[in-house]
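Accompanying notes for the structure given below.
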Amino acid sequence: MLGKTAGSLFWMFRYLERSKNLARLIDAAFRITLTQSQSANSEWASVIATTGAQQRYEAAHDEDYESGKVIDFLLRDSDNPSSVISVMKSARNNARASRTALTRDVWEAVNESWIMLSDILKAPIEKKNLPDVLGLIRRQSTQVQGALHGTMLRNDIYDFARLGTFVERADNTARILDVKYYILLPAVTDVGSPLDNQQWETILRSVSAEQSYRWHHRDEITPKGIAHFLILDKCLPQSLVFSVSELVSTLGYLDREYDQTSDASVLASGFLADLKSTTVEDIFETGLHEFIAKFLSKNGDLAAQIERDFKFVA
Amino acid sequence: MKFYDEMFADEAVPHEAYERYYKWYAAQNSKSLQKKMREAEAVFRRTGITFNVYGKKDAEERLIPFDIIPRIIAADEWDELTKGIEQRVEALNLFLHDIYHEQNVIKDGILPANLVANNEAFLQKMIGVKPPGGIYTHIVGVDLVRTAKNEFYVLEDNARTPSGVSYMLENRETMLKMFPDVFAENRVRRVSDYPHILRKSLSSCAPDACTGKPTLAVLTPGIHNSAYFEHAFLADQMGAELVEGHDLKIENGRVCMRTTRGYDPIDVIYRRVDDEYLDPLNFNPDSMLGVPGIFDIYRSGGITIANAPGAGIADDKAIYSYMPDIVKYYTGKEALLKNVETWRCSEPDSLTYVLDNLHDLVVKEVHGSGGYGMLIGPAASKKELADFRAKLIDNPAKYIAQPTLALSTTPVFVKSGLSPRHVDLRPYVLVGANGVNITPGGLTRVAMEKGSLVVNSSQGGGTKDTWVLEA
């Protein structure tokens, strides 16, 4: 398989994962602003910060974080590379570039997503339609994943798609935690005020993990519990440890298929071992922000190593 | 002007080849056909069968209009036609070999020397080069128009990189999905094995350096190219890698592609990049699309390039007018396929004739394509005629002129029913060391505007599924 094709697959699935996570993030923030209108602007500001587009946003709108403007920026602004429309366009361009590696089902799913979303996002989205549109974005991404699972050979093509998915997912979950860490921080022992409770729920909602959390922990929503769940829970597909485990095993499949041990594989194993030997107490002791910053940098290093090992670029 | 209609001999009386189809059509409900028409568009869009229009930012990707009424060719008509096509394609390859070796065709006075020596499409560097398998033009599109039952004319030869074959294949797929019942009643020859035959044909021309099963790649300029969909489609269908220049480099005398496990040699490259951009070391030094040094590897037998560099001299519009003589010269027989009468404006007598009859003629640029920069005399305004006259006088050698042919029509489906439109036909011919293969049918291009003679997709033309019936 061509290195370029592997790179396109990797990025196609990174972008698809990103669009889904973006939709969740907007959805969670939107809910909070509906009930807590006084804190709406700071909520939106934190969403923009999570997507890493703060500078670009403020260049266009100063510090005016009015809902309509933010939503439009996040969904439709083609000058914003992290908007849903930009991310979907990148996903589809990468799908076009790796067309020869995709089954017709996968290609048509991603192409149809693009056609549908670019059509819907032609005009500004009214607030009353926002939940529907966000639902659609998530479903489209899920549909592509479904086509991938259902129709693709389990070979290196599939592996590169999975690597992209989990590098991105780890990144996104970590960023959400990072932006919200100040809510979790002061209250490791607190029961928490109702506002805080809702904020915590937002974190869970942002990664679609509120249900899973309840199944796991019943009603005890504590900062520690949430941090543990999103970072260290082995069963939660959105958790950091889960994503990194997937990266390790996927790189292992590639090692077997290519009869080698890649540098990325070694790096990922070390990454996972460190993560597994960490407790949530350690994390709060060193500081959640420091932990996340380190995690993001390691995740970025791993992505760069994958790119080198499998020759995505010349 | 009276036009030959391929479907109807008389009002509501179909020609024999269309009889079964017409019976089926007459039993359909117009509303449901209209629905099918919309469905077809959705299928094409979802499949991504689009082309990019240069210079139009917002309409970056467009669909080529598809018409649901098939164009049907009878078995005997087709068999007759293929003899002519085969003869012509054979002559094209012999001509190319000769022109890059002995040039007997010039020495024997068939073709004027200056037409070759001063021709941009003639590639000096190909002189004396022996392409693997001995084939120069592996994939040929012969553009035909029809004026009567057995009257076909070659409008032009496409000996470089004829495009559109993916539409031929997808049009059939779409028709099979939408109208399975009509295929049960008509025995239509298959086109779907084209990618398979293409693979075999290209493989038969693998270079000496190839050991084992040949590795094939399609070289594309990239995802922004107007025909990118087709490049990806063909690579996918024939199990070839889809590469761009930056995926390739020269290693140990071979052209190699960067894979996830390192560099692997390629044996045959089906390039969809023009000669000029193929190799910045040998041709245009500014090209970012090609592979530095690929031409040297080609010359030393390390890779097959299809079609061969320099093949464009065979489909040059200035050479075209000599084709009947060229065919006879190489095959020893009269050309079975007719040429359209052509005036070379470089010749003073012809120029005078063309200027006097401009309102009746079609004038084309010798090196143009895609329907750009041409004049259709009968449809032109006084001002357009005057402007073109000035261009002709200014640079006559740049143009050729042809009579306006009475192009045949076939009906397209419109709201009110069937309505005739002009069509042409591009059959696809594959030439390998293993012989010649002509896909039954080809791509029918149809002018979607009533009365228009321009069928090019870049000018709003559409396509139809093309049926060749079993005998």
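Each chain in the structure tokens gets a letter, A, B, ..., in the order shown, and its residues are numbered from 1; ligands are numbered from 1 in order too.
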Using only C-alpha atoms, which protein or nucleic acid residues come within 6 Å of Asp178 in chain A? Drop anything in the same chain fewer than 3 positions from it, and give the result as a ChimeraX atom specification.
/A:175,181,289
I'd like the contact shell of Glu185 in chain B - 9 Å cut-off, only C-alpha atoms, skipping same-chain residues fewer than 3 positions apart - returned as an mmCIF file with C-alpha atoms, in the first residue's frame.
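Below you can see result_33.cif, which holds the result:
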```cif
data_model
loop_
_atom_site.group_PDB
_atom_site.id
_atom_site.type_symbol
_atom_site.label_atom_id
_atom_site.label_comp_id
_atom_site.auth_asym_id
_atom_site.auth_seq_id
_atom_site.Cartn_x
_atom_site.Cartn_y
_atom_site.Cartn_z
ATOM 1 C CA ARG B 20 -37.809 -4.102 -28.273
ATOM 2 C CA TYR B 21 -36.659 -1.106 -26.370
ATOM 3 C CA TRP B 24 -40.812 -1.357 -23.410
ATOM 4 C CA ASP B 181 -36.236 -5.538 -16.712
ATOM 5 C CA VAL B 182 -35.258 -3.886 -19.962
#
```
Interface list for chain B, partner chain A, 10 Å threshold, only C-alpha atoms, as a ChimeraX atom specification:
/B:42-43,45-48,222-224,228-229,231-237,239-244,246-249,257-264
Show which residues sit within 12 Å of Tyr194 in chain B, as a PyMOL selection string. Count only C-alpha atoms, and ignore same-chain residues fewer than 3 positions away.
chain B and resi 139+165-166+168-170+189-191+197-202+234+237-238+427-430+437-442
Would you put the residues from that selection into a file with C-alpha atoms, as a tab-separated table (two decimals), in the first residue's frame?
```
chain	number	residue	atom	x	y	z
B	139	ILE	CA	-5.54	3.16	-25.09
B	165	VAL	CA	-14.33	5.43	-19.97
B	166	SER	CA	-15.48	5.55	-16.35
B	168	MET	CA	-19.19	4.34	-20.03
B	169	LEU	CA	-18.90	1.85	-17.16
B	170	GLU	CA	-20.93	3.76	-14.59
B	189	ARG	CA	-23.01	-6.87	-24.97
B	190	ARG	CA	-21.08	-6.48	-21.76
B	191	VAL	CA	-18.74	-3.56	-21.12
B	197	ILE	CA	-8.92	-6.28	-20.20
B	198	LEU	CA	-7.07	-3.02	-19.62
B	199	ARG	CA	-5.03	-4.71	-16.94
B	200	LYS	CA	-4.19	-7.64	-19.20
B	201	SER	CA	-3.45	-5.41	-22.13
B	202	LEU	CA	-1.08	-3.17	-20.17
B	234	LEU	CA	-9.68	2.86	-13.02
B	237	GLN	CA	-11.13	-1.42	-10.80
B	238	MET	CA	-7.96	-2.86	-12.27
B	427	PRO	CA	-15.37	3.71	-28.63
B	428	TYR	CA	-12.44	2.66	-26.45
B	429	VAL	CA	-9.76	0.56	-28.01
B	430	LEU	CA	-7.09	-1.30	-26.07
B	437	ASN	CA	-9.71	-5.19	-28.02
B	438	ILE	CA	-12.61	-2.87	-28.69
B	439	THR	CA	-15.22	-2.51	-25.96
B	440	PRO	CA	-18.68	-2.95	-27.49
B	441	GLY	CA	-20.20	0.48	-27.53
B	442	GLY	CA	-18.23	3.21	-25.85
```
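Comparing the minimum interatomic distances between Thr463 in chain B and each of B:Lys338, B:Arg71, B:His15, B:Arg254, counting only C-alpha atoms, we find that B:Arg71 sits nearest.
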Quick one: DSSP helix (DSSP H, G or I) residues in range 39-150 of chain A, as a ChimeraX atom specification?
/A:39-50,54-61,67-75,84-97,99-101,104-120,127-150
Compile the contact shell of Ile292 in chain A as an MDAnalysis selection string: residues with an atom at most 12 Å away, counting only C-alpha atoms, same-chain residues fewer than 5 positions apart removed.
chainID A and resid 170:181 227 230:231 240 275 283:284 286:287 297:299
For Ser243 in chain A: contacts at 9 Å, only C-alpha atoms, fewer than 2 positions along chain excluded, given as a list in words:
Thr165, Phe166, Val167, Glu168, Arg169, Ala170, Pro237, Gln238, Ser239, Leu240, Val241, Ser245, Glu246, Leu247 and Val248 of chain A
